[in-house]
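Undergrad: Contents are mmCIF, C-alpha atoms; file name upload.cif:
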```
data_model
#
loop_
_atom_site.label_atom_id
_atom_site.label_comp_id
_atom_site.auth_asym_id
_atom_site.auth_seq_id
_atom_site.Cartn_x
_atom_site.Cartn_y
_atom_site.Cartn_z
CA MET M 40 28.66 57.29 -39.33
CA GLN M 41 31.53 58.68 -37.26
CA VAL M 42 35.28 58.74 -37.98
CA THR M 43 37.59 59.54 -35.04
CA GLU M 44 41.37 59.99 -35.30
CA THR M 45 43.35 57.80 -32.88
CA LEU M 46 46.92 58.09 -34.24
CA ASN M 47 48.86 60.75 -36.12
CA GLU M 48 52.62 60.25 -35.80
CA GLY M 49 54.82 60.97 -38.77
CA LEU M 50 53.20 59.04 -41.61
CA LYS M 51 51.31 56.64 -39.33
CA ARG M 52 47.56 57.14 -39.17
CA GLY M 53 44.86 55.50 -37.06
CA TYR M 54 41.09 56.01 -37.06
CA THR M 55 37.99 54.49 -35.51
CA ILE M 56 35.00 54.19 -37.82
CA THR M 57 31.59 53.72 -36.16
CA VAL M 58 28.60 52.62 -38.23
CA THR M 59 25.38 52.79 -36.19
CA ALA M 60 22.81 50.03 -36.10
CA ASP M 61 20.27 52.39 -37.67
CA GLU M 62 22.61 53.08 -40.59
CA LEU M 63 23.08 49.34 -41.13
CA ALA M 64 19.33 48.72 -41.04
CA ALA M 65 18.83 51.51 -43.59
CA LYS M 66 21.46 49.93 -45.84
CA VAL M 67 19.72 46.56 -45.66
CA ASP M 68 16.36 48.17 -46.49
CA GLU M 69 17.99 49.97 -49.42
CA LYS M 70 19.31 46.70 -50.81
CA LEU M 71 15.93 45.00 -50.36
CA VAL M 72 14.09 47.82 -52.14
CA GLU M 73 16.59 47.57 -54.97
CA ALA M 74 16.12 43.79 -55.28
CA GLN M 75 12.33 43.65 -54.66
CA PRO M 76 11.18 44.08 -58.29
CA GLU M 77 13.03 40.95 -59.38
CA ILE M 78 12.15 38.64 -56.49
CA GLU M 79 9.62 35.85 -56.95
CA MET M 80 8.13 33.90 -54.03
CA LYS M 81 5.39 31.29 -53.88
CA GLY M 82 2.03 32.92 -53.28
CA PHE M 83 3.09 36.35 -54.53
CA ARG M 84 3.44 37.95 -57.92
CA LYS M 85 6.93 38.90 -59.08
CA GLY M 86 7.99 42.13 -57.41
CA LYS M 87 5.05 42.10 -54.96
CA VAL M 88 6.57 40.19 -52.04
CA PRO M 89 5.98 42.23 -48.83
CA MET M 90 9.05 44.02 -47.47
CA ALA M 91 8.65 42.45 -44.03
CA LEU M 92 8.77 38.97 -45.55
CA LEU M 93 11.76 39.89 -47.68
CA LYS M 94 13.56 41.20 -44.63
CA LYS M 95 12.87 38.00 -42.73
CA GLN M 96 13.99 35.88 -45.67
CA PHE M 97 17.04 37.81 -46.87
CA GLY M 98 17.84 40.41 -44.22
CA GLN M 99 20.43 38.35 -42.37
CA ARG M 100 22.24 37.51 -45.60
CA LEU M 101 22.32 41.15 -46.72
CA LEU M 102 23.55 42.41 -43.36
CA GLY M 103 27.15 41.34 -44.06
CA GLU M 104 27.08 43.09 -47.43
CA ALA M 105 25.66 46.21 -45.84
CA MET M 106 28.42 46.24 -43.22
CA GLN M 107 31.12 45.89 -45.90
CA ASP M 108 29.56 48.59 -48.08
CA ALA M 109 29.23 50.99 -45.14
CA VAL M 110 32.83 50.52 -43.99
CA ASP M 111 34.19 50.75 -47.56
CA GLY M 112 32.15 53.89 -48.14
CA ALA M 113 33.45 55.47 -44.93
CA MET M 114 37.05 54.62 -45.84
CA ASN M 115 36.73 55.99 -49.38
CA LYS M 116 35.18 59.21 -48.08
CA HIS M 117 37.94 59.54 -45.49
CA PHE M 118 40.69 59.19 -48.13
CA GLU M 119 38.84 61.61 -50.43
CA ASP M 120 38.40 64.23 -47.67
CA SER M 121 41.87 63.87 -46.11
CA GLY M 122 43.82 63.49 -49.36
CA ASP M 123 45.78 60.64 -47.77
CA ARG M 124 47.09 57.84 -49.99
CA PRO M 125 47.99 54.65 -48.09
CA ALA M 126 51.48 53.30 -48.79
CA LEU M 127 50.26 49.71 -48.46
CA GLN M 128 46.90 48.00 -48.01
CA PRO M 129 45.30 49.55 -44.89
CA ASP M 130 44.81 47.34 -41.83
CA VAL M 131 41.06 47.16 -41.13
CA LYS M 132 39.74 45.26 -38.09
CA MET M 133 36.38 45.07 -36.39
CA THR M 134 36.97 45.90 -32.71
CA ASN M 135 33.69 44.75 -31.13
CA GLU M 136 34.15 41.03 -31.71
CA ASP M 137 31.04 40.20 -29.65
CA TRP M 138 28.92 42.14 -32.13
CA LYS M 139 25.33 41.04 -32.63
CA GLU M 140 22.51 42.32 -34.77
CA GLY M 141 21.26 45.61 -33.41
CA ASP M 142 24.71 46.77 -32.25
CA ASP M 143 26.81 49.49 -33.80
CA VAL M 144 29.82 48.33 -35.84
CA VAL M 145 33.18 49.73 -34.70
CA VAL M 146 36.17 49.34 -37.03
CA ALA M 147 39.83 50.26 -36.47
CA LEU M 148 41.56 51.65 -39.58
CA ASN M 149 45.37 51.89 -39.55
CA TYR M 150 47.80 52.70 -42.35
CA GLU M 151 50.93 54.58 -43.34
CA ALA M 152 50.25 57.54 -45.59
CA LEU M 153 52.39 58.37 -48.57
CA PRO M 154 54.33 61.57 -47.94
CA LYS M 155 53.65 64.91 -49.57
CA ILE M 156 56.40 65.30 -52.17
CA GLU M 157 57.61 68.50 -53.78
CA ALA M 158 59.39 68.28 -57.13
CA PRO M 159 63.03 69.44 -57.03
CA ASP M 160 64.30 72.64 -58.61
CA TYR M 161 65.45 71.34 -61.99
CA ALA M 162 67.43 74.51 -62.59
CA GLY M 163 69.93 73.28 -60.03
CA ILE M 164 70.63 70.01 -61.86
CA SER M 165 73.28 69.90 -64.59
CA LEU M 166 74.61 66.67 -66.12
CA GLU M 167 77.04 65.46 -68.78
CA LYS M 168 76.00 63.07 -71.53
CA LEU M 169 78.84 60.90 -72.82
CA VAL M 170 78.93 60.64 -76.62
CA VAL M 171 80.93 57.91 -78.37
CA ASN M 172 81.26 57.61 -82.13
CA ALA M 173 81.95 54.24 -83.77
CA ASP M 174 85.39 54.89 -85.29
CA ASP M 175 87.18 52.77 -87.89
CA ALA M 176 89.18 50.90 -85.24
CA ALA M 177 86.02 49.79 -83.41
CA VAL M 178 84.39 48.66 -86.65
CA GLN M 179 87.54 46.75 -87.65
CA GLU M 180 87.67 45.06 -84.23
CA ALA M 181 84.04 43.99 -84.63
CA LEU M 182 84.79 42.65 -88.12
CA GLU M 183 87.73 40.64 -86.81
CA ASN M 184 85.51 39.15 -84.08
CA LEU M 185 82.92 38.18 -86.69
CA ALA M 186 85.65 36.59 -88.81
CA LYS M 187 86.83 34.68 -85.77
CA ASN M 188 83.30 33.42 -85.07
CA ALA M 189 83.02 32.35 -88.71
CA GLN M 190 86.36 30.52 -88.44
CA SER M 191 86.93 27.72 -90.92
CA PHE M 192 89.51 24.91 -90.69
CA ASP M 193 91.72 23.11 -93.23
CA ASP M 194 93.12 19.57 -92.96
CA LYS M 195 96.67 19.47 -91.64
CA ASP M 196 99.41 16.85 -91.35
CA GLY M 197 100.98 16.43 -87.99
CA ALA M 198 99.98 16.74 -84.36
CA ALA M 199 97.08 18.81 -83.03
CA GLU M 200 97.91 22.09 -81.29
CA ASP M 201 95.89 24.55 -79.21
CA GLY M 202 93.47 26.28 -81.58
CA ASP M 203 93.28 23.31 -83.94
CA GLN M 204 90.02 21.48 -84.51
CA ILE M 205 89.87 17.73 -84.11
CA THR M 206 87.02 15.49 -85.21
CA MET M 207 86.58 12.38 -83.07
CA ASP M 208 84.41 9.55 -81.82
CA PHE M 209 84.44 8.99 -78.07
CA VAL M 210 82.93 6.73 -75.41
CA GLY M 211 83.00 7.80 -71.77
CA LYS M 212 83.15 5.14 -69.05
CA ILE M 213 83.00 5.09 -65.25
CA ASP M 214 84.33 1.90 -63.62
CA GLY M 215 84.46 0.35 -67.09
CA GLU M 216 80.78 1.02 -67.84
CA ALA M 217 79.64 3.51 -70.49
CA PHE M 218 77.46 6.24 -68.97
CA GLU M 219 74.51 8.13 -70.43
CA GLY M 220 75.47 11.23 -72.44
CA GLY M 221 79.14 10.22 -72.66
CA THR M 222 79.17 8.94 -76.24
CA ALA M 223 79.40 10.83 -79.55
CA GLU M 224 80.48 10.33 -83.16
CA ASP M 225 82.17 12.80 -85.52
CA PHE M 226 82.32 15.34 -82.74
CA PRO M 227 84.19 18.57 -83.68
CA LEU M 228 86.25 20.13 -80.86
CA VAL M 229 88.52 23.16 -80.97
CA LEU M 230 91.35 22.52 -78.51
CA GLY M 231 91.61 25.25 -75.92
CA SER M 232 87.97 26.31 -76.30
CA GLY M 233 87.04 25.06 -72.82
CA GLN M 234 84.06 23.19 -74.21
CA PHE M 235 84.84 20.09 -72.14
CA ILE M 236 85.56 19.76 -68.41
CA PRO M 237 89.01 20.85 -67.17
CA GLY M 238 91.82 18.47 -68.13
CA PHE M 239 90.08 16.92 -71.13
CA GLU M 240 91.24 19.07 -74.02
CA GLU M 241 94.81 19.41 -72.71
CA GLN M 242 95.33 15.64 -73.05
CA LEU M 243 94.39 15.76 -76.72
CA VAL M 244 97.14 18.23 -77.65
CA GLY M 245 99.60 16.28 -79.81
CA VAL M 246 97.20 13.65 -81.20
CA LYS M 247 97.16 12.82 -84.91
CA ALA M 248 94.46 11.66 -87.32
CA GLY M 249 93.86 7.90 -86.99
CA GLU M 250 95.23 7.77 -83.45
CA GLU M 251 93.37 6.43 -80.40
CA LYS M 252 93.71 8.15 -77.06
CA ALA M 253 92.38 7.35 -73.58
CA VAL M 254 91.61 10.57 -71.69
CA THR M 255 91.18 10.33 -67.91
CA VAL M 256 89.37 13.17 -66.11
CA ASN M 257 87.57 13.85 -62.85
CA PHE M 258 84.15 15.45 -62.96
CA PRO M 259 83.91 18.42 -60.55
CA ALA M 260 82.11 17.77 -57.26
CA ASP M 261 79.50 20.40 -58.16
CA TYR M 262 78.92 19.07 -61.69
CA GLY M 263 75.33 19.54 -62.87
CA ALA M 264 74.65 15.81 -63.43
CA GLU M 265 74.54 14.17 -60.00
CA HIS M 266 75.42 10.69 -61.35
CA LEU M 267 78.74 12.10 -62.66
CA ALA M 268 79.66 14.64 -59.98
CA GLY M 269 83.00 13.84 -58.32
CA LYS M 270 83.53 10.69 -60.40
CA GLU M 271 86.63 9.67 -62.37
CA ALA M 272 85.90 8.89 -66.01
CA VAL M 273 87.88 7.51 -68.93
CA PHE M 274 87.04 8.63 -72.47
CA ASP M 275 88.19 6.33 -75.27
CA CYS M 276 88.75 8.76 -78.17
CA THR M 277 89.29 7.89 -81.85
CA ILE M 278 90.76 10.85 -83.72
CA LYS M 279 89.35 11.00 -87.26
CA ALA M 280 90.74 14.34 -88.45
CA VAL M 281 92.99 17.20 -87.34
CA LYS M 282 92.47 20.64 -88.89
CA ALA M 283 94.27 23.94 -88.50
CA PRO M 284 92.40 27.28 -88.50
CA ALA M 285 92.29 28.85 -91.93
CA GLU M 286 93.29 32.47 -92.34
CA ALA M 287 90.31 34.71 -91.57
CA VAL M 288 89.48 36.80 -94.61
CA ILE M 289 87.38 39.93 -94.18
CA ASP M 290 85.63 40.33 -97.53
CA ASP M 291 82.25 40.29 -99.25
CA GLU M 292 81.93 36.53 -98.70
CA LEU M 293 82.25 37.02 -94.94
CA ALA M 294 79.61 39.76 -95.11
CA LYS M 295 77.20 37.41 -96.89
CA GLN M 296 77.60 34.84 -94.11
CA PHE M 297 76.09 37.46 -91.79
CA GLY M 298 73.26 38.47 -94.11
CA ALA M 299 74.82 41.59 -95.64
CA GLU M 300 75.08 42.19 -99.39
CA SER M 301 78.68 43.40 -99.24
CA LEU M 302 81.51 44.23 -96.88
CA GLU M 303 80.59 47.92 -97.00
CA ALA M 304 76.98 47.08 -96.09
CA LEU M 305 78.23 44.97 -93.19
CA LYS M 306 80.42 47.84 -91.98
CA THR M 307 77.38 50.14 -92.06
CA GLN M 308 75.36 47.63 -90.01
CA ILE M 309 78.18 47.28 -87.49
CA THR M 310 78.53 51.07 -87.20
CA GLU M 311 74.80 51.45 -86.52
CA ARG M 312 74.80 48.61 -83.98
CA LEU M 313 77.85 49.95 -82.13
CA GLU M 314 76.45 53.45 -81.96
CA ALA M 315 73.13 52.09 -80.68
CA GLU M 316 75.01 50.15 -77.98
CA TYR M 317 77.06 53.23 -77.08
CA ALA M 318 73.89 55.34 -76.88
CA GLN M 319 72.20 52.78 -74.62
CA ALA M 320 75.24 52.66 -72.32
CA SER M 321 75.51 56.45 -72.31
CA ARG M 322 71.86 56.77 -71.32
CA ALA M 323 72.38 54.34 -68.44
CA VAL M 324 75.21 56.53 -67.14
CA LEU M 325 73.13 59.69 -67.61
CA LYS M 326 70.13 58.12 -65.85
CA ARG M 327 72.29 57.07 -62.92
CA GLY M 328 73.68 60.60 -62.68
CA LEU M 329 70.15 62.01 -62.68
CA LEU M 330 68.97 59.62 -59.96
CA ASP M 331 72.02 60.51 -57.83
CA ALA M 332 71.24 64.21 -58.27
CA LEU M 333 67.56 63.71 -57.37
CA ASP M 334 68.53 61.65 -54.33
CA THR M 335 70.65 64.56 -53.11
CA ALA M 336 68.22 67.33 -54.05
CA VAL M 337 65.07 65.95 -52.40
CA ASN M 338 64.29 64.82 -48.87
CA PHE M 339 61.02 63.66 -47.32
CA ASP M 340 59.71 61.13 -44.79
CA LEU M 341 59.46 57.55 -46.03
CA PRO M 342 56.80 55.01 -45.01
CA PRO M 343 58.67 52.51 -42.75
CA SER M 344 56.63 49.58 -44.06
CA LEU M 345 57.73 50.26 -47.66
CA VAL M 346 61.38 50.57 -46.65
CA GLU M 347 61.20 47.36 -44.61
CA ALA M 348 59.55 45.40 -47.42
CA GLU M 349 62.10 46.69 -49.97
CA SER M 350 65.02 45.91 -47.65
CA LYS M 351 63.80 42.33 -47.22
CA GLN M 352 63.56 41.90 -50.98
CA ILE M 353 67.05 43.35 -51.51
CA ALA M 354 68.55 41.18 -48.75
CA HIS M 355 66.96 38.12 -50.36
CA GLN M 356 68.43 39.03 -53.77
CA LEU M 357 71.89 39.79 -52.32
CA TRP M 358 71.88 36.44 -50.53
CA HIS M 359 71.00 34.59 -53.73
CA ASP M 360 73.68 36.50 -55.65
CA SER M 361 76.25 35.16 -53.18
CA GLN M 362 75.00 31.55 -53.49
CA GLU M 363 76.08 30.23 -56.88
CA ASN M 364 74.43 26.83 -56.50
CA VAL M 365 71.04 27.98 -55.18
CA ASP M 366 68.13 28.50 -57.58
CA GLN M 367 66.77 32.07 -57.58
CA ASN M 368 63.24 30.68 -57.10
CA ASP M 369 64.22 28.49 -54.15
CA HIS M 370 62.64 29.95 -51.01
CA SER M 371 63.24 26.93 -48.76
CA HIS M 372 66.07 28.78 -46.99
CA GLY M 373 63.55 30.80 -44.98
CA GLU M 374 63.62 34.54 -44.36
CA ILE M 375 66.92 36.33 -44.97
CA GLU M 376 67.86 38.92 -42.34
CA THR M 377 68.15 42.48 -43.59
CA THR M 378 71.52 44.21 -43.40
CA GLU M 379 72.85 47.75 -43.20
CA GLU M 380 73.56 47.51 -46.93
CA SER M 381 70.04 46.36 -47.80
CA ASP M 382 68.52 49.06 -45.57
CA LYS M 383 70.59 51.78 -47.25
CA LEU M 384 69.65 50.58 -50.75
CA ALA M 385 66.00 50.28 -49.71
CA VAL M 386 65.86 53.89 -48.52
CA ARG M 387 67.25 55.10 -51.84
CA ARG M 388 64.96 52.92 -53.97
CA VAL M 389 61.79 53.79 -52.05
CA LYS M 390 62.66 57.49 -52.03
CA LEU M 391 63.39 57.63 -55.77
CA GLY M 392 60.45 55.38 -56.60
CA LEU M 393 57.98 57.64 -54.79
CA LEU M 394 59.57 60.77 -56.25
CA LEU M 395 59.45 59.51 -59.84
CA ALA M 396 55.87 58.31 -59.37
CA GLU M 397 54.84 61.74 -58.08
CA ILE M 398 56.62 63.58 -60.91
CA GLY M 399 55.13 61.21 -63.48
CA GLN M 400 51.62 61.63 -62.09
CA LYS M 401 51.83 65.43 -62.11
CA ALA M 402 53.28 65.38 -65.65
CA GLU M 403 50.50 62.96 -66.73
CA VAL M 404 53.04 60.42 -67.96
CA GLU M 405 51.28 57.28 -69.19
CA VAL M 406 52.30 53.94 -70.64
CA SER M 407 50.40 53.34 -73.86
CA ASP M 408 48.80 50.05 -74.90
CA GLN M 409 51.27 49.89 -77.79
CA GLU M 410 54.24 50.23 -75.42
CA MET M 411 52.84 47.48 -73.21
CA THR M 412 52.30 45.22 -76.21
CA GLN M 413 55.88 45.75 -77.34
CA ALA M 414 57.12 44.92 -73.83
CA VAL M 415 55.06 41.71 -73.73
CA ILE M 416 56.34 40.69 -77.19
CA ALA M 417 59.93 41.28 -76.08
CA GLN M 418 59.40 39.09 -73.01
CA ALA M 419 57.56 36.42 -75.00
CA ARG M 420 60.59 35.97 -77.27
CA GLN M 421 62.35 34.41 -74.28
CA TYR M 422 59.88 31.50 -74.46
CA PRO M 423 60.10 30.19 -78.05
CA GLY M 424 57.15 28.00 -78.93
CA GLN M 425 55.19 29.18 -75.88
CA GLU M 426 54.50 32.78 -76.92
CA ARG M 427 50.71 32.35 -76.96
CA ALA M 428 50.67 30.81 -73.49
CA PHE M 429 52.87 33.65 -72.23
CA PHE M 430 50.49 36.27 -73.67
CA GLU M 431 47.52 34.59 -71.96
CA PHE M 432 49.45 34.40 -68.68
CA ILE M 433 50.19 38.14 -68.80
CA GLN M 434 46.56 38.99 -69.61
CA LYS M 435 45.37 37.12 -66.50
CA ASN M 436 48.10 38.39 -64.18
CA PRO M 437 47.83 42.09 -63.15
CA GLN M 438 50.99 41.80 -61.04
CA MET M 439 53.05 40.73 -64.06
CA GLN M 440 51.50 43.53 -66.10
CA GLN M 441 52.66 46.00 -63.45
CA GLN M 442 56.16 44.51 -63.47
CA LEU M 443 56.35 45.15 -67.22
CA ARG M 444 54.75 48.59 -66.99
CA ALA M 445 56.91 49.93 -64.13
CA PRO M 446 60.29 50.19 -65.97
CA ILE M 447 58.61 51.74 -69.03
CA PHE M 448 56.92 54.35 -66.83
CA GLU M 449 60.18 55.06 -65.00
CA ASP M 450 62.12 55.58 -68.25
CA LYS M 451 59.44 57.93 -69.58
CA VAL M 452 59.55 59.98 -66.37
CA VAL M 453 63.35 60.09 -66.59
CA ASP M 454 63.06 61.34 -70.19
CA HIS M 455 60.59 63.98 -69.01
CA ILE M 456 62.99 65.21 -66.32
CA ILE M 457 65.99 65.20 -68.67
CA GLU M 458 64.06 67.61 -70.90
CA GLN M 459 63.82 70.02 -67.94
CA ILE M 460 67.48 70.02 -66.88
CA THR M 461 70.74 71.21 -68.40
CA VAL M 462 72.53 68.40 -70.27
CA THR M 463 75.85 69.03 -72.02
CA GLU M 464 77.37 66.50 -74.41
CA LYS M 465 80.95 65.32 -73.95
CA GLU M 466 82.71 63.26 -76.63
CA VAL M 467 84.73 60.40 -75.14
CA GLY M 468 86.33 57.15 -76.30
CA LYS M 469 84.62 53.78 -75.90
CA ASP M 470 87.10 52.86 -73.14
CA ASP M 471 85.98 55.90 -71.14
CA LEU M 472 82.36 54.89 -71.59
CA GLN M 473 83.15 51.31 -70.60
CA LYS M 474 84.87 52.55 -67.43
CA ALA M 475 81.85 54.70 -66.59
CA ILE M 476 79.61 51.65 -66.97
CA GLU M 477 81.90 49.54 -64.78
CA ASP M 478 81.94 52.26 -62.11
CA LEU M 479 78.14 52.36 -62.26
CA GLU M 480 77.91 48.58 -61.79
CA ASN M 481 80.39 48.62 -58.91
CA GLU M 482 78.35 51.29 -57.12
CA ALA M 483 75.04 49.48 -57.65
#
```
Just dump the structure as structure tokens.

TA:
Amino acid sequence: MQVTETLNEGLKRGYTITVTADELAAKVDEKLVEAQPEIEMKGFRKGKVPMALLKKQFGQRLLGEAMQDAVDGAMNKHFEDSGDRPALQPDVKMTNEDWKEGDDVVVALNYEALPKIEAPDYAGISLEKLVVNADDAAVQEALENLAKNAQSFDDKDGAAEDGDQITMDFVGKIDGEAFEGGTAEDFPLVLGSGQFIPGFEEQLVGVKAGEEKAVTVNFPADYGAEHLAGKEAVFDCTIKAVKAPAEAVIDDELAKQFGAESLEALKTQITERLEAEYAQASRAVLKRGLLDALDTAVNFDLPPSLVEAESKQIAHQLWHDSQENVDQNDHSHGEIETTEESDKLAVRRVKLGLLLAEIGQKAEVEVSDQEMTQAVIAQARQYPGQERAFFEFIQKNPQMQQQLRAPIFEDKVVDHIIEQITVTEKEVGKDDLQKAIEDLENEA
């Protein structure tokens, strides 16, 4: 078996692998010897069929397997000896298409190798970690929001105003005919909440209990229900009650509505939740700072095929983000052209992805079975009632398993690097942290 280099430019590699006819014949014989003890044939005892007869009977069938085994073996030995790791699946093609039994097999092997990557000097990386404490004002604001969400209403005399709740029956009609989904009884609506289409709630300001009101509106042209989109509709409304918002009281009773034993217990829960949210946001800012520093500190050649594939994926996502009415899973639009923006983002992502993978491998970072299980459970919660089916889907889908494993691995590598660098804490207000998050999102 002979391996000859044909291309070595940057990360591009090309080789010719030649497997001789004698090597193939030896492989076939090896497979026949291995199978002979279990073969039965009329006129012969089990395991005693002559080799010549076996070769005549099964040789042609085993030849293809022998060719595949020989080529796979040559490739594996090449990667082991050279230390190369292909960026994507290597391109393997048989070059002598007119091959016949008795000829040598000549295969062209082409791939892009992953670059050799040196870890950066962590001593040169210094970052700030933003620390936000949940102060009394933040806790009070959260309590007021909870009180608002738990808003109750009391009957009132007089006309309905913005913020009041009305209870009504209504029948929606188009061209005098009631349409599906346009009828309800005892429906509670807070005026000004934006629960109905534009123009509906505004016409109910000023109504009183016992009054009837015809509300005329136009459904938007892009309305989700096609049979209503762009149509004019009239809703015949019967107002049954008008209620004004009751004063929100922040006390033990409010706390119990949210599962806490007392107001103090609720404040403790809110403090813990806020500080957990602040810590999560702070880590996102710190991680972004680390990735920026690594991007600057390290430079190496990137496999063009990986960058191109990543740029196509980014361009596709950016296009969908700009198309509000197109489903993310709709691929009928065809291929989206890459842009300068998608190319720039792709270079960064591929570079950092390869770097983190290399650092993680050298540090022996692993994702445990328990961590994977927790990730699957978290995803399964998004499909209530179908959790079992989701678990089975993940078990049978290695690609989905990798999609769940990748972010866990990345975060563990980031944690590993953060332990090696200088991190100083800086206390800031929640507004400063929020601005840092907004800046991060704008730069993404």

Undergrad: Need to verify the contact set: Lys66 of chain M, 10 Å, all atoms listed in the file, exclusion of same-chain residues closer than 5 positions in sequence. Can you return it as a ChimeraX atom specification?

TA: /M:60-61,71-72,101-102,104-106,108-109

Undergrad: Just say which residues the PyMOL selection byres ((chain M and resi 300-305) around 12) picks in this file, as a PDB file with C-alpha atoms, in the coordinates of the input.

TA:
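See result.pdb below for the written result:
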```
ATOM      1  CA  VAL M 178      84.390  48.660 -86.650  1.00  0.00           C
ATOM      2  CA  GLN M 179      87.540  46.750 -87.650  1.00  0.00           C
ATOM      3  CA  ALA M 181      84.040  43.990 -84.630  1.00  0.00           C
ATOM      4  CA  LEU M 182      84.790  42.650 -88.120  1.00  0.00           C
ATOM      5  CA  LEU M 185      82.920  38.180 -86.690  1.00  0.00           C
ATOM      6  CA  ALA M 186      85.650  36.590 -88.810  1.00  0.00           C
ATOM      7  CA  VAL M 288      89.480  36.800 -94.610  1.00  0.00           C
ATOM      8  CA  ILE M 289      87.380  39.930 -94.180  1.00  0.00           C
ATOM      9  CA  ASP M 290      85.630  40.330 -97.530  1.00  0.00           C
ATOM     10  CA  ASP M 291      82.250  40.290 -99.250  1.00  0.00           C
ATOM     11  CA  GLU M 292      81.930  36.530 -98.700  1.00  0.00           C
ATOM     12  CA  LEU M 293      82.250  37.020 -94.940  1.00  0.00           C
ATOM     13  CA  ALA M 294      79.610  39.760 -95.110  1.00  0.00           C
ATOM     14  CA  LYS M 295      77.200  37.410 -96.890  1.00  0.00           C
ATOM     15  CA  GLN M 296      77.600  34.840 -94.110  1.00  0.00           C
ATOM     16  CA  PHE M 297      76.090  37.460 -91.790  1.00  0.00           C
ATOM     17  CA  GLY M 298      73.260  38.470 -94.110  1.00  0.00           C
ATOM     18  CA  ALA M 299      74.820  41.590 -95.640  1.00  0.00           C
ATOM     19  CA  LYS M 306      80.420  47.840 -91.980  1.00  0.00           C
ATOM     20  CA  THR M 307      77.380  50.140 -92.060  1.00  0.00           C
ATOM     21  CA  GLN M 308      75.360  47.630 -90.010  1.00  0.00           C
ATOM     22  CA  ILE M 309      78.180  47.280 -87.490  1.00  0.00           C
ATOM     23  CA  THR M 310      78.530  51.070 -87.200  1.00  0.00           C
ATOM     24  CA  GLU M 311      74.800  51.450 -86.520  1.00  0.00           C
ATOM     25  CA  ARG M 312      74.800  48.610 -83.980  1.00  0.00           C
TER      26      ARG M 312
END
```

Undergrad: When distances are computed from only C-alpha atoms, which of M:Leu472, M:Leu153, M:Ala315, M:Ala264 shows the smallest separation from Leu394 of chain M?

TA: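 For Leu394 of chain M, the nearest of the candidates is M:Leu153.
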
Undergrad: Of the candidates M:Ala152, M:Ala336, M:Ser350, M:Ile398, which one gets nearest to Gly122 of chain M if we count all atoms listed in the file?

TA: M:Ala152

Undergrad: Mind listing whatever residues come within 10 Å of the point (30.7, 51.2, -35.9)? Use only C-alpha atoms, file coordinates, and give them as a PyMOL selection string.

TA: chain M and resi 40-42+55-60+62-63+106+109-110+133-135+138+142-147

Undergrad: At a cut-off of 10 Å, using only C-alpha atoms, what residues contact Ser321 of chain M? Leave out same-chain residues fewer than 3 positions from it and give the result as a list in words.

TA: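 Non-adjacent residues within range: Glu167, Lys168, Leu169, Val170, Val171, Ala315, Glu316, Tyr317, Ala318, Val324, Leu325, Lys326, Arg327, Leu472, Gln473, Ala475 and Ile476 of chain M.
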
Undergrad: What lies within 10 Å of Leu341 of chain M using all atoms listed in the file, ignoring chain neighbours under 3 positions off, as a PyMOL selection string?

TA: chain M and resi 49-50+126+151-154+338+344-346+386+389-390+393

Undergrad: Determine, counting all atoms listed in the file, every residue of protein, DNA or RNA that lies within 12 Å of (99.0, 6.5, -86.9) in the file coordinates, then give the result as a list in words.

TA: Asp196, Gly197, Ala198, Val246, Lys247, Ala248, Gly249, Glu250, Glu251, Lys252, Thr277, Ile278, Lys279 and Ala280 of chain M

Undergrad: Would you translate the PyMOL selection byres ((chain M and resi 453) around 10) into the concrete set of residues it matches in this file, as a list in words?

TA: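 So the PyMOL selection byres ((chain M and resi 453) around 10), applied here, picks out Leu325, Lys326, Leu329, Leu330, Leu395, Ile398, Gly399, Ile447, Phe448, Glu449, Asp450, Lys451, Val452, Asp454, His455, Ile456, Ile457 and Glu458 of chain M.
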
Undergrad: Quick one: write out the picked residues with C-alpha atoms as a tab-separated table (two decimals), keeping the file's coordinate frame?

TA:
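Listed below is the output, out-v5.tsv:
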```
chain	number	residue	atom	x	y	z
M	325	LEU	CA	73.13	59.69	-67.61
M	326	LYS	CA	70.13	58.12	-65.85
M	329	LEU	CA	70.15	62.01	-62.68
M	330	LEU	CA	68.97	59.62	-59.96
M	395	LEU	CA	59.45	59.51	-59.84
M	398	ILE	CA	56.62	63.58	-60.91
M	399	GLY	CA	55.13	61.21	-63.48
M	447	ILE	CA	58.61	51.74	-69.03
M	448	PHE	CA	56.92	54.35	-66.83
M	449	GLU	CA	60.18	55.06	-65.00
M	450	ASP	CA	62.12	55.58	-68.25
M	451	LYS	CA	59.44	57.93	-69.58
M	452	VAL	CA	59.55	59.98	-66.37
M	454	ASP	CA	63.06	61.34	-70.19
M	455	HIS	CA	60.59	63.98	-69.01
M	456	ILE	CA	62.99	65.21	-66.32
M	457	ILE	CA	65.99	65.20	-68.67
M	458	GLU	CA	64.06	67.61	-70.90
```

Undergrad: Could you list, as a PyMOL selection string, every residue within 12 Å of segment 432-435 of chain M, counting only C-alpha atoms and ignoring same-chain residues fewer than 6 positions away?

TA: chain M and resi 411-412+414-416+418-419+425-426+441-444

Undergrad: In Å, with one decimal, what is the gap from atom CA of Glu349 of chain M to atom CA of Ala158 of chain M?

TA: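 About the pair atom CA of Glu349 of chain M and atom CA of Ala158 of chain M: they are 22.9 Å apart.
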
Undergrad: Enter the distance from atom CA of Leu148 of chain M to atom CA of Asp123 of chain M, in Å, rounded to one decimal.

TA: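 Pair atom CA of Leu148 of chain M / atom CA of Asp123 of chain M returns 12.9 Å.
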